[in-house]
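Below: run_5.txt (compact mmCIF, C-alpha atoms)
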# COMPACT_ATOMS: atom_id res chain seq x y z
CA MET A 279 0.95 59.41 -53.89
CA GLN A 280 0.46 56.29 -51.87
CA THR A 281 0.02 54.24 -55.02
CA ALA A 282 3.17 55.75 -56.53
CA ALA A 283 5.15 54.65 -53.52
CA PHE A 284 4.21 51.01 -54.06
CA THR A 285 4.72 50.96 -57.84
CA LEU A 286 8.30 52.04 -57.38
CA SER A 287 10.48 49.13 -58.51
CA PRO A 288 14.19 48.51 -59.34
CA SER A 289 13.42 48.43 -63.09
CA LEU A 290 12.62 52.17 -63.24
CA PRO A 291 15.22 54.02 -65.41
CA LEU A 292 14.92 57.21 -63.40
CA LEU A 293 16.79 55.63 -60.42
CA LYS A 294 20.54 55.42 -60.76
CA SER A 295 22.39 52.57 -59.16
CA ARG A 296 24.69 54.88 -57.14
CA ARG A 297 21.74 56.66 -55.60
CA LEU A 298 19.99 53.38 -54.91
CA SER A 299 23.03 51.90 -53.26
CA ALA A 300 23.36 54.94 -51.10
CA GLN A 301 19.82 54.64 -49.91
CA ALA A 302 19.85 50.86 -49.65
CA PRO A 303 20.80 50.68 -45.98
CA THR A 304 17.73 52.74 -45.11
CA LEU A 305 15.34 50.39 -46.88
CA ARG A 306 13.42 48.18 -44.44
CA PHE A 307 10.52 45.89 -45.03
CA ALA A 308 7.96 46.78 -42.40
CA PRO A 309 4.68 45.06 -43.04
CA THR A 310 3.03 46.80 -40.13
CA ARG A 311 3.75 50.19 -41.66
CA VAL A 312 2.52 49.06 -45.04
CA SER A 313 -0.71 47.81 -43.65
CA ALA A 314 -1.10 50.93 -41.58
CA SER A 315 -0.64 53.19 -44.57
CA LEU A 316 -3.46 51.49 -46.41
CA LYS A 317 -6.57 53.08 -45.00
CA PRO A 318 -10.01 51.62 -45.59
CA ASP A 319 -11.03 54.52 -47.84
CA THR A 320 -8.24 53.85 -50.33
CA ALA A 321 -9.75 52.76 -53.63
CA LEU A 322 -7.65 49.94 -54.98
CA THR A 323 -8.81 47.93 -57.94
CA SER A 324 -8.17 44.24 -58.26
CA SER A 325 -5.52 44.86 -60.91
CA THR A 326 -3.74 47.29 -58.63
CA ASN A 327 -3.77 44.72 -55.80
CA ASP A 328 -2.34 42.03 -58.07
CA ALA A 329 0.39 44.40 -59.21
CA LEU A 330 1.14 45.36 -55.63
CA SER A 331 1.43 41.68 -54.57
CA ALA A 332 3.66 40.86 -57.50
CA SER A 333 5.83 43.91 -56.82
CA LEU A 334 6.24 43.01 -53.17
CA SER A 335 7.01 39.42 -54.10
CA ARG A 336 9.65 40.47 -56.64
CA ARG A 337 11.11 42.95 -54.16
CA SER A 338 11.43 40.38 -51.41
CA TRP A 339 13.24 37.90 -53.64
CA SER A 340 15.47 40.40 -55.46
CA VAL A 341 16.85 42.22 -52.44
CA SER A 342 19.47 40.52 -50.23
CA SER A 343 18.89 39.38 -46.68
CA ASP A 344 20.96 42.30 -45.42
CA ASP A 345 18.32 44.70 -46.64
CA PHE A 346 15.50 42.73 -45.06
CA LYS A 347 16.37 42.17 -41.44
CA LEU A 348 14.59 38.81 -41.04
CA ARG A 349 16.88 37.54 -38.31
CA PRO A 350 14.65 38.69 -35.40
CA TRP A 351 11.74 36.70 -36.83
CA THR A 352 13.84 33.52 -37.24
CA SER A 353 15.42 33.93 -33.80
CA SER A 354 12.08 34.33 -32.07
CA ALA A 355 10.78 31.25 -33.84
CA LEU A 356 13.78 29.22 -32.74
CA ASP A 357 13.47 30.48 -29.18
CA ARG A 358 9.81 29.59 -29.19
CA SER A 359 10.57 26.08 -30.47
CA ARG A 360 13.24 25.64 -27.83
CA PHE A 361 10.81 26.80 -25.20
CA GLU A 362 8.20 24.36 -26.46
CA VAL A 363 10.69 21.48 -26.38
CA ALA A 364 11.82 22.37 -22.87
CA ALA A 365 8.25 22.73 -21.70
CA THR A 366 7.38 19.36 -23.22
CA ALA A 367 10.32 17.70 -21.44
CA GLU A 368 9.38 19.26 -18.12
CA SER A 369 5.72 18.33 -18.49
CA SER A 370 6.62 14.72 -19.33
CA GLY A 371 8.78 14.54 -16.21
CA GLU A 372 5.97 16.00 -14.12
CA THR A 373 3.43 13.49 -15.48
CA ALA A 374 5.76 10.53 -14.97
CA GLU A 375 6.00 11.14 -11.23
CA PRO A 376 2.21 11.26 -10.60
CA LYS A 377 1.82 8.08 -12.66
CA SER A 378 4.40 6.30 -10.49
CA SER A 379 2.76 7.62 -7.32
CA LEU A 380 -0.67 6.55 -8.57
CA PHE A 381 0.61 3.05 -9.30
CA LYS A 382 2.07 2.73 -5.80
CA THR A 383 -1.20 3.92 -4.28
CA LEU A 384 -3.20 1.40 -6.30
CA GLU A 385 -0.75 -1.36 -5.38
CA LEU A 386 -0.98 -0.54 -1.67
CA GLY A 387 -4.77 -0.33 -1.83
CA SER A 388 -4.90 -3.74 -3.52
CA LEU A 389 -2.72 -5.23 -0.78
CA PHE A 390 -4.99 -3.86 1.93
CA GLY A 391 -8.00 -5.26 0.10
CA LEU A 392 -6.39 -8.71 -0.16
CA TRP A 393 -5.39 -8.54 3.50
CA TYR A 394 -9.01 -7.97 4.56
CA LEU A 395 -10.42 -10.48 2.05
CA PHE A 396 -8.10 -13.30 3.11
CA ASN A 397 -8.92 -12.53 6.75
CA ILE A 398 -12.65 -12.79 6.14
CA TYR A 399 -12.37 -16.10 4.29
CA PHE A 400 -9.99 -17.55 6.88
CA ASN A 401 -12.26 -16.75 9.81
CA ILE A 402 -15.40 -18.04 8.08
CA TYR A 403 -13.94 -21.32 6.78
CA ASN A 404 -11.88 -21.90 9.91
CA LYS A 405 -14.95 -21.47 12.10
CA GLN A 406 -16.91 -23.91 9.92
CA VAL A 407 -14.13 -26.50 10.26
CA LEU A 408 -13.81 -26.08 14.03
CA LYS A 409 -17.57 -26.46 14.47
CA VAL A 410 -17.55 -30.03 13.13
CA PHE A 411 -13.90 -30.88 13.88
CA PRO A 412 -13.19 -29.61 17.42
CA TYR A 413 -9.44 -30.28 17.42
CA PRO A 414 -7.70 -26.88 17.38
CA ALA A 415 -4.17 -28.29 17.73
CA THR A 416 -4.62 -30.50 14.66
CA VAL A 417 -6.20 -27.65 12.70
CA THR A 418 -3.29 -25.36 13.63
CA GLY A 419 -0.77 -28.03 12.57
CA ILE A 420 -2.51 -28.43 9.20
CA GLN A 421 -2.40 -24.67 8.62
CA PHE A 422 1.34 -24.59 9.31
CA ALA A 423 1.82 -27.62 7.02
CA VAL A 424 0.07 -25.91 4.11
CA GLY A 425 2.05 -22.74 4.78
CA THR A 426 5.29 -24.74 4.71
CA VAL A 427 4.39 -26.21 1.31
CA VAL A 428 3.66 -22.71 -0.02
CA VAL A 429 7.01 -21.39 1.24
CA LEU A 430 8.94 -24.31 -0.28
CA LEU A 431 7.18 -23.81 -3.61
CA MET A 432 8.06 -20.11 -3.57
CA TRP A 433 11.70 -20.93 -2.95
CA GLY A 434 11.80 -23.86 -5.38
CA LEU A 435 10.20 -21.90 -8.24
CA ASN A 436 12.38 -18.83 -7.53
CA LEU A 437 9.31 -16.72 -6.79
CA TYR A 438 11.19 -15.48 -3.75
CA LYS A 439 14.88 -15.67 -2.97
CA LYS A 440 15.83 -18.65 -0.84
CA PRO A 441 17.74 -17.38 2.21
CA LYS A 442 20.96 -18.72 3.67
CA ILE A 443 20.38 -19.27 7.36
CA SER A 444 23.08 -19.84 9.93
CA GLY A 445 22.71 -21.79 13.14
CA ALA A 446 22.97 -18.60 15.18
CA GLN A 447 20.08 -17.08 13.26
CA LEU A 448 17.91 -20.17 13.76
CA ALA A 449 18.63 -20.06 17.48
CA ALA A 450 17.57 -16.40 17.56
CA ILE A 451 14.39 -17.10 15.58
CA LEU A 452 13.35 -20.12 17.69
CA PRO A 453 11.74 -18.07 20.54
CA LEU A 454 9.75 -16.14 17.94
CA ALA A 455 8.56 -19.37 16.34
CA ILE A 456 7.47 -20.74 19.72
CA VAL A 457 5.31 -17.75 20.64
CA HIS A 458 3.99 -17.57 17.05
CA THR A 459 2.89 -21.20 17.30
CA LEU A 460 1.24 -20.65 20.67
CA GLY A 461 -0.50 -17.48 19.51
CA ASN A 462 -2.18 -19.20 16.56
CA LEU A 463 -3.05 -22.26 18.65
CA PHE A 464 -4.79 -20.12 21.28
CA THR A 465 -6.63 -18.18 18.55
CA ASN A 466 -8.02 -21.42 17.09
CA MET A 467 -8.97 -22.61 20.58
CA SER A 468 -10.95 -19.41 21.11
CA LEU A 469 -12.60 -19.56 17.67
CA GLY A 470 -13.72 -23.10 18.41
CA ARG A 471 -15.38 -22.01 21.67
CA VAL A 472 -16.97 -18.61 21.05
CA ALA A 473 -18.24 -16.51 18.15
CA VAL A 474 -15.75 -15.06 15.67
CA SER A 475 -16.90 -11.54 16.47
CA PHE A 476 -16.28 -12.03 20.19
CA THR A 477 -12.80 -13.51 19.63
CA HIS A 478 -11.77 -10.48 17.60
CA THR A 479 -13.30 -8.11 20.13
CA ILE A 480 -11.10 -9.66 22.82
CA LYS A 481 -8.09 -9.57 20.50
CA ALA A 482 -8.65 -5.82 20.17
CA SER A 483 -7.05 -5.55 23.63
CA GLU A 484 -3.60 -6.40 22.20
CA PRO A 485 -2.31 -2.82 22.82
CA PHE A 486 -2.88 -3.32 26.54
CA PHE A 487 -0.47 -6.30 26.59
CA SER A 488 1.95 -4.51 24.28
CA VAL A 489 2.29 -1.57 26.67
CA ILE A 490 2.79 -3.79 29.73
CA LEU A 491 5.33 -6.14 28.11
CA SER A 492 7.29 -3.26 26.53
CA ALA A 493 7.52 -1.52 29.91
CA MET A 494 8.61 -4.73 31.68
CA PHE A 495 11.19 -6.07 29.21
CA LEU A 496 12.21 -3.11 27.05
CA GLY A 497 11.96 -0.28 29.57
CA GLU A 498 9.63 1.72 27.31
CA ILE A 499 7.55 3.89 29.62
CA PRO A 500 4.23 4.81 27.96
CA THR A 501 3.14 8.42 27.66
CA PRO A 502 0.01 9.62 29.47
CA TRP A 503 -1.75 9.73 26.09
CA VAL A 504 -1.07 6.04 25.50
CA VAL A 505 -2.26 5.12 28.98
CA ALA A 506 -5.42 7.15 28.47
CA SER A 507 -6.13 5.36 25.17
CA LEU A 508 -6.09 1.99 26.97
CA ILE A 509 -9.10 2.94 29.09
CA PRO A 510 -11.70 2.67 26.29
CA ILE A 511 -10.04 -0.53 25.05
CA VAL A 512 -10.32 -2.31 28.40
CA GLY A 513 -13.75 -0.84 29.13
CA GLY A 514 -15.12 -1.75 25.70
CA VAL A 515 -13.84 -5.35 25.86
CA GLY A 516 -15.31 -5.71 29.36
CA LEU A 517 -18.70 -4.37 28.27
CA ALA A 518 -18.77 -6.65 25.21
CA SER A 519 -17.78 -9.68 27.31
CA VAL A 520 -20.54 -9.15 29.87
CA THR A 521 -23.21 -8.95 27.18
CA GLU A 522 -21.83 -11.67 24.83
CA ALA A 523 -24.36 -14.45 24.13
CA SER A 524 -21.68 -17.07 23.33
CA PHE A 525 -19.43 -16.18 26.27
CA ASN A 526 -17.50 -18.91 28.06
CA TRP A 527 -14.32 -18.71 30.05
CA ALA A 528 -12.34 -21.14 27.92
CA GLY A 529 -12.88 -19.03 24.81
CA PHE A 530 -12.22 -15.80 26.71
CA TRP A 531 -8.92 -16.90 28.27
CA SER A 532 -7.77 -18.51 25.02
CA ALA A 533 -8.18 -15.20 23.23
CA MET A 534 -6.38 -13.41 26.07
CA ALA A 535 -3.53 -15.93 25.90
CA SER A 536 -3.34 -15.29 22.16
CA ASN A 537 -2.94 -11.58 22.86
CA LEU A 538 -0.18 -12.27 25.36
CA THR A 539 1.80 -14.58 23.06
CA ASN A 540 1.42 -12.41 19.98
CA GLN A 541 2.64 -9.32 21.78
CA SER A 542 5.45 -11.35 23.34
CA ARG A 543 6.55 -12.16 19.81
CA ASN A 544 6.73 -8.44 19.01
CA VAL A 545 8.77 -7.74 22.13
CA LEU A 546 11.11 -10.67 21.46
CA SER A 547 11.65 -9.53 17.90
CA LYS A 548 13.03 -6.26 19.30
CA LYS A 549 14.98 -7.81 22.15
CA VAL A 550 16.33 -11.08 20.71
CA MET A 551 16.79 -10.44 17.00
CA VAL A 552 20.20 -8.85 16.46
CA LYS A 553 20.83 -6.92 13.28
CA ASN A 554 23.84 -8.28 11.45
CA GLU A 555 25.32 -8.11 7.99
CA GLU A 556 22.94 -10.76 6.67
CA SER A 557 19.74 -9.33 8.10
CA MET A 558 16.57 -10.77 6.55
CA ASP A 559 13.40 -9.06 5.45
CA ASN A 560 9.99 -9.58 7.05
CA ILE A 561 8.69 -12.06 4.47
CA THR A 562 11.77 -14.27 4.79
CA LEU A 563 11.49 -14.15 8.57
CA PHE A 564 7.82 -15.10 8.39
CA SER A 565 8.60 -17.98 6.01
CA ILE A 566 11.22 -19.42 8.34
CA ILE A 567 8.93 -19.03 11.36
CA THR A 568 6.16 -20.88 9.47
CA ILE A 569 8.41 -23.87 8.76
CA MET A 570 9.71 -23.98 12.33
CA SER A 571 6.15 -23.69 13.68
CA PHE A 572 5.12 -26.72 11.61
CA PHE A 573 7.85 -28.86 13.18
CA LEU A 574 6.98 -27.52 16.62
CA MET A 575 3.21 -27.97 16.30
CA THR A 576 3.03 -31.44 14.71
CA PRO A 577 4.29 -33.47 17.69
CA VAL A 578 2.27 -31.33 20.11
CA ALA A 579 -0.94 -31.92 18.11
CA ILE A 580 -0.34 -35.69 18.00
CA PHE A 581 0.42 -35.76 21.71
CA LEU A 582 -2.65 -33.69 22.71
CA GLU A 583 -5.25 -34.97 20.25
CA GLY A 584 -3.80 -38.00 18.48
CA VAL A 585 -4.00 -38.56 14.73
CA LYS A 586 -7.44 -37.19 13.93
CA PHE A 587 -7.24 -35.96 10.34
CA THR A 588 -7.06 -39.32 8.59
CA PRO A 589 -9.98 -40.44 6.37
CA ALA A 590 -10.68 -43.41 8.67
CA ALA A 591 -10.90 -41.24 11.78
CA MET A 592 -13.23 -38.70 10.16
CA THR A 593 -15.41 -41.34 8.54
CA SER A 594 -15.91 -42.97 11.91
CA ALA A 595 -16.93 -39.56 13.29
CA GLY A 596 -19.52 -39.21 10.52
CA LEU A 597 -17.87 -36.21 8.82
CA GLY A 598 -17.94 -35.51 5.08
CA LEU A 599 -14.36 -35.92 3.87
CA LYS A 600 -14.51 -33.85 0.69
CA GLN A 601 -16.21 -30.85 2.25
CA LEU A 602 -14.03 -30.87 5.36
CA TYR A 603 -10.80 -31.23 3.39
CA THR A 604 -11.80 -28.46 1.00
CA ARG A 605 -12.70 -26.01 3.74
CA SER A 606 -9.57 -26.89 5.73
CA LEU A 607 -7.40 -26.30 2.66
CA ILE A 608 -9.04 -22.94 1.88
CA ALA A 609 -8.74 -21.83 5.50
CA ALA A 610 -5.06 -22.86 5.61
CA LEU A 611 -4.23 -21.06 2.35
CA CYS A 612 -6.00 -17.91 3.51
CA PHE A 613 -4.25 -18.21 6.90
CA HIS A 614 -0.83 -18.12 5.26
CA ALA A 615 -1.82 -15.57 2.61
CA TYR A 616 -3.23 -12.93 4.95
CA GLN A 617 -0.16 -13.06 7.19
CA GLN A 618 2.25 -12.81 4.25
CA VAL A 619 0.30 -9.91 2.75
CA SER A 620 0.39 -8.25 6.17
CA TYR A 621 4.20 -8.41 6.15
CA MET A 622 4.26 -7.09 2.57
CA ILE A 623 2.20 -4.08 3.69
CA LEU A 624 4.49 -3.56 6.68
CA GLN A 625 7.45 -3.22 4.30
CA ARG A 626 5.67 -0.39 2.47
CA VAL A 627 4.09 1.66 5.27
CA SER A 628 4.97 2.81 8.78
CA PRO A 629 4.06 0.67 11.83
CA VAL A 630 1.44 3.29 12.82
CA THR A 631 -0.30 3.04 9.44
CA HIS A 632 -0.16 -0.74 9.65
CA SER A 633 -1.71 -0.58 13.13
CA VAL A 634 -4.56 1.59 11.87
CA GLY A 635 -5.10 -0.86 9.00
CA ASN A 636 -5.18 -3.73 11.48
CA CYS A 637 -7.86 -1.91 13.47
CA VAL A 638 -9.97 -1.49 10.33
CA LYS A 639 -9.39 -5.17 9.57
CA ARG A 640 -10.95 -6.18 12.89
CA VAL A 641 -14.01 -4.07 12.13
CA VAL A 642 -14.38 -5.71 8.71
CA VAL A 643 -13.96 -9.24 10.13
CA ILE A 644 -16.40 -8.64 13.00
CA VAL A 645 -19.09 -7.17 10.74
CA SER A 646 -18.70 -9.85 8.05
CA SER A 647 -18.79 -12.72 10.58
CA VAL A 648 -21.89 -11.32 12.30
CA ILE A 649 -23.64 -11.11 8.93
CA PHE A 650 -22.52 -14.53 7.68
CA PHE A 651 -23.16 -16.54 10.85
CA LYS A 652 -26.16 -14.38 11.85
CA THR A 653 -24.67 -13.92 15.30
CA PRO A 654 -27.12 -12.36 17.77
CA VAL A 655 -25.70 -9.03 18.91
CA SER A 656 -27.36 -6.79 21.49
CA PRO A 657 -27.08 -2.98 21.32
CA ILE A 658 -24.93 -2.90 24.46
CA ASN A 659 -22.64 -5.58 23.03
CA SER A 660 -22.26 -3.55 19.83
CA LEU A 661 -21.53 -0.45 21.92
CA GLY A 662 -18.79 -2.26 23.85
CA THR A 663 -17.19 -3.55 20.64
CA GLY A 664 -17.33 -0.08 19.11
CA ILE A 665 -15.73 1.55 22.16
CA ALA A 666 -12.92 -1.02 22.18
CA LEU A 667 -12.17 -0.54 18.47
CA ALA A 668 -12.29 3.23 18.85
CA GLY A 669 -9.75 2.90 21.66
CA VAL A 670 -7.49 0.83 19.42
CA PHE A 671 -7.66 3.49 16.73
CA LEU A 672 -6.90 6.21 19.28
CA TYR A 673 -3.97 4.17 20.59
CA SER A 674 -2.49 3.86 17.10
CA ARG A 675 -2.64 7.63 16.70
CA VAL A 676 -1.31 8.79 20.07
CA LYS A 677 1.51 6.24 20.00
CA ARG A 678 3.37 8.60 17.69
CA ILE A 679 3.43 11.31 20.34
CA LYS A 680 6.83 11.28 22.00
CA ALA A 681 7.34 12.22 25.63
CA LYS A 682 9.08 15.55 26.12
CA PRO A 683 12.59 15.17 27.58
CA LYS A 684 12.91 16.47 31.09
CA THR A 685 15.00 19.61 31.39
CA ALA A 686 17.45 19.96 34.26

Let me see whether you can do it: turn the structure in this file into structure tokens.
Amino acid sequence: MQTAAFTLSPSLPLLKSRRLSAQAPTLRFAPTRVSASLKPDTALTSSTNDALSASLSRRSWSVSSDDFKLRPWTSSALDRSRFEVAATAESSGETAEPKSSLFKTLELGSLFGLWYLFNIYFNIYNKQVLKVFPYPATVTGIQFAVGTVVVLLMWGLNLYKKPKISGAQLAAILPLAIVHTLGNLFTNMSLGRVAVSFTHTIKASEPFFSVILSAMFLGEIPTPWVVASLIPIVGGVGLASVTEASFNWAGFWSAMASNLTNQSRNVLSKKVMVKNEESMDNITLFSIITIMSFFLMTPVAIFLEGVKFTPAAMTSAGLGLKQLYTRSLIAALCFHAYQQVSYMILQRVSPVTHSVGNCVKRVVVIVSSVIFFKTPVSPINSLGTGIALAGVFLYSRVKRIKAKPKTA
């Protein structure tokens, strides 16, 4: 009986058209039922299977689409394709955002790496120059001169937009340029007198001057957490100074004066610089300060030390011209590069993150200089340096904690 059901076809003369049309609406093609009705014990020969396939094929092509309700199959396929397209669009949008975030992370990491690398090279080459050419004012003037050339090339080649500066803006920037010039001069004076590692250990006490100057001129009262973080900074610098093999007072006070002037620049930038419609970005501000510092430093260097960087003067002093000029040029390029990269990082991260990065930079410079120059360091001296740097890191973290407003 099962076989008779499948051999039934429209060509049989026993079926009248009226009866077939009456039963047509009840005809449905249900492959699941067909397959279910064929049990494994059914004995079908190959000829019967071929006839069955041909019959089903003829039936499916001879009967209209109204008899075979194929719409649900087509609809589900379309819905599935739409779902796949939508899912593909969403997944592409989700992957685009991580790629952009990954690129920004790699870019920021590269900038931090360049910041540290330029710092290391500057301190090493600058120290080598100051060892044989003990004229810090002249060396500082040369560094500003090279930086000025770099800035003018950037503007001339349209690598960076040339700003339009008014007289009022120059007058506002002048105090910043003065303290910037003094800060770098005092740093070079300290590097010429003591070891690089000791200079940077003393410069780790910058937060101490920042808190005092901000309280005096900006009225920013530090929180107890900030005050507590200054204790390890001062104690660590003091411990490192007592046990420093290359200690002398000229190098110590020069580094302290550098801290004072550099933090004065930060305070003045908040107090003097007025935001207007044509406010400038950090890199433009640094470029203008570099040019102004060159014009400020050149006459001071000539007045204090005379003209010392000429070939005749250095030949008479028995110095190798090529080697000295090369190292001075590399130190000057790295001097300008590390400061510009620092400002580029500051435009991308918060001041707290930049402060933490600056603390890590000091660690990298101290360690690299100790290794390169083979500076003798005692365990107590290392302990003092470590305590001071840990205090700087703690300061950068607790500075974000705001004081609770007093309730009436």

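For the pair atom CA of Asn544 of chain A and atom CA of Ala518 of chain A, the interatomic distance is 26.3 Å.
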
Please provide as a PDB file with C-alpha atoms, keeping the file's coordinate frame all residues within 12 Å of Gly391 of chain A, with the sequence filter that same-chain residues fewer than 4 positions apart are discarded (counting only C-alpha atoms).
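The resulting file, result13.pdb, is shown below:
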ATOM      1  CA  LEU A 384      -3.200   1.400  -6.300  1.00  0.00           C
ATOM      2  CA  GLU A 385      -0.750  -1.360  -5.380  1.00  0.00           C
ATOM      3  CA  LEU A 386      -0.980  -0.540  -1.670  1.00  0.00           C
ATOM      4  CA  GLY A 387      -4.770  -0.330  -1.830  1.00  0.00           C
ATOM      5  CA  LEU A 395     -10.420 -10.480   2.050  1.00  0.00           C
ATOM      6  CA  PHE A 396      -8.100 -13.300   3.110  1.00  0.00           C
ATOM      7  CA  ASN A 397      -8.920 -12.530   6.750  1.00  0.00           C
ATOM      8  CA  ILE A 398     -12.650 -12.790   6.140  1.00  0.00           C
ATOM      9  CA  TYR A 616      -3.230 -12.930   4.950  1.00  0.00           C
ATOM     10  CA  VAL A 619       0.300  -9.910   2.750  1.00  0.00           C
ATOM     11  CA  SER A 620       0.390  -8.250   6.170  1.00  0.00           C
ATOM     12  CA  ILE A 623       2.200  -4.080   3.690  1.00  0.00           C
ATOM     13  CA  GLY A 635      -5.100  -0.860   9.000  1.00  0.00           C
ATOM     14  CA  ASN A 636      -5.180  -3.730  11.480  1.00  0.00           C
ATOM     15  CA  VAL A 638      -9.970  -1.490  10.330  1.00  0.00           C
ATOM     16  CA  LYS A 639      -9.390  -5.170   9.570  1.00  0.00           C
ATOM     17  CA  VAL A 642     -14.380  -5.710   8.710  1.00  0.00           C
TER      18      VAL A 642
END

Nearest residue to Asn466 of chain A from the set A:Gln406, A:Ser507, A:Gln601, A:Thr501 (distances using all atoms listed in the file):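 The shortest atom-to-atom distance to Asn466 of chain A comes from A:Gln406.
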
Pick out the residues sitting within 10 Å of Ile658 of chain A, and hand them over as a PDB file with C-alpha atoms, in the frame of the given file; count only C-alpha atoms, and ignore anything fewer than 6 positions along from it in its own chain.
ATOM      1  CA  GLY A 514     -15.120  -1.750  25.700  1.00  0.00           C
ATOM      2  CA  LEU A 517     -18.700  -4.370  28.270  1.00  0.00           C
ATOM      3  CA  ALA A 518     -18.770  -6.650  25.210  1.00  0.00           C
ATOM      4  CA  VAL A 520     -20.540  -9.150  29.870  1.00  0.00           C
ATOM      5  CA  THR A 521     -23.210  -8.950  27.180  1.00  0.00           C
ATOM      6  CA  GLU A 522     -21.830 -11.670  24.830  1.00  0.00           C
ATOM      7  CA  GLY A 664     -17.330  -0.080  19.110  1.00  0.00           C
TER       8      GLY A 664
END

Atomic distance atom CA of Tyr413 of chain A - atom CA of Ala455 of chain A, expressed in Å with one decimal: 21.1 Å

Atom CA of Thr604 of chain A to atom CA of Ile420 of chain A, distance in Å rounded to a single decimal: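 That distance, rounded to one decimal, is 12.4 Å.
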
Contacts of segment 557-568 of chain A within 12 Å, all atoms listed in the file, excl. fewer than 5 positions in-chain, as a ChimeraX atom specification: /A:418-433,438-444,447-459,462,543,547,551-552,573-575,613-626

Within 8 Å of file point (-13.9, -22.3, 26.8), counting only C-alpha atoms, expressed as a list in words: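 Protein and nucleic acid residues near the point are Met467, Ser468, Arg471, Val472, Asn526, Trp527, Ala528, Gly529, Phe530, Trp531 and Ser532 of chain A.
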